[in-house]
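Peer 1: This is the structure, below, for whatever I ask next.
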There are 2 protein chains.
Amino acid sequence: MAIYMDVHSGMQGISSDDLVAAHQKDLDAEHTEDVHFSKVWADPKSGKVFCLAEGPSMDAVRRVHERAGHPADELYECSLTVE
Amino acid sequence: MAIYMDVHSGMQGISSDDLVAAHQKDLDAEHTEDVHFSKVWADPKSGKVFCLAEGPSMDAVRRVHERAGHPADELYECSLTVE
């Protein structure tokens, strides 16, 4: 499994309820792809949303977001992590 | 304290050692600003690096990265989080 970060743009004004609902759509859609969206951070002012996921491939992560109705604008495989 | 995500671009080919060393520079510089850089994710292929930080203000986070020698290309205050 690899780690992925995706970025959504243009989400200015997103509310906490909107974000929770969107994340729930990912959780509902992810099991068919062996993906897990673990964390989401959003900046309603700039409209940026960052999603952290684990999964078997970039295509699998992309498909989950597409199936949930919010394809990502950018998607990166983060092979290096420091925590 | 607020949560910040910043993005560095153009870091193609960054190694694990490079990333750990850069993060250590943030850790060495952050205490003067009451900031903590908690996690970093990097994609050496695209050159994107994402840093997650907590701190009292966007300017404080920006100053730590500048003092560490690697100012961020983008910096967002993420007032919404789902984990």
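Going by the structure tokens order, chains are called A, B, ..., each with residues numbered from 1, while ligands are numbered from 1 in the order shown.
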Looking only at alpha helix (DSSP H) from DSSP on the backbone, list the matching residues of chain B as a ChimeraX atom specification.
Peer 2: /B:16-30,58-67
Peer 1: Mind checking which residues fall within 10 Å of region 66-75 of chain B, counting only C-alpha atoms, ignoring those fewer than 3 positions away in the same chain, and posting them as a short mmCIF file (atom, residue, chain, number, x, y, z; two decimals) with C-alpha atoms, in the first residue's frame?
Peer 2:
data_model
loop_
_atom_site.label_atom_id
_atom_site.label_comp_id
_atom_site.auth_asym_id
_atom_site.auth_seq_id
_atom_site.Cartn_x
_atom_site.Cartn_y
_atom_site.Cartn_z
CA SER A 46 -8.77 29.70 -0.33
CA TYR B 4 -1.65 24.88 8.55
CA MET B 5 -0.78 22.95 5.40
CA ASP B 6 1.95 24.23 3.18
CA VAL B 7 3.08 23.09 -0.22
CA HIS B 8 6.56 23.18 -1.73
CA SER B 9 6.98 22.65 -5.48
CA GLY B 10 9.98 21.83 -7.62
CA ALA B 22 14.87 19.68 5.93
CA HIS B 23 12.29 18.69 8.55
CA GLN B 24 14.97 18.80 11.24
CA LYS B 25 15.74 22.40 10.25
CA ASP B 26 12.07 23.23 10.85
CA LEU B 27 12.15 21.50 14.23
CA ASP B 28 15.29 23.45 15.15
CA ALA B 29 13.70 26.78 14.10
CA GLU B 30 10.11 26.34 15.26
CA VAL B 49 6.18 18.38 -0.52
CA PHE B 50 3.30 18.88 1.95
CA CYS B 51 3.99 20.01 5.53
CA LEU B 52 1.41 19.96 8.33
CA MET B 58 0.17 31.97 9.33
CA ASP B 59 2.99 34.47 9.63
CA ALA B 60 4.60 32.46 12.43
CA VAL B 61 4.52 29.30 10.30
CA ARG B 62 5.89 31.21 7.31
CA ARG B 63 8.74 32.65 9.38
CA CYS B 78 -7.01 24.62 7.44
#
Peer 1: Could you list the residues in chain B lying within 7 Å of chain A, using only C-alpha atoms, and format the result as a count of residues only?
Peer 2: 16
Peer 1: When you look at Ala2 (chain B) with a cut-off of 7 Å (counting only C-alpha atoms), what residues show up, excluding the ones that are within fewer than 4 positions of it in the same chain? I need them as a PyMOL selection string.
Peer 2: chain B and resi 54-56+79
Peer 1: Looking only at the backbone, which of the residues in chain A does DSSP tag as strand (DSSP E or B), as a ChimeraX atom specification?
Peer 2: /A:2-8,36-43,48-55,74-77,80-82
Peer 1: To one decimal place in Å, what is the distance between CA of Ala53 (chain A) and CA of Val35 (chain A)?
Peer 2: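 It comes out at 6.9 Å.
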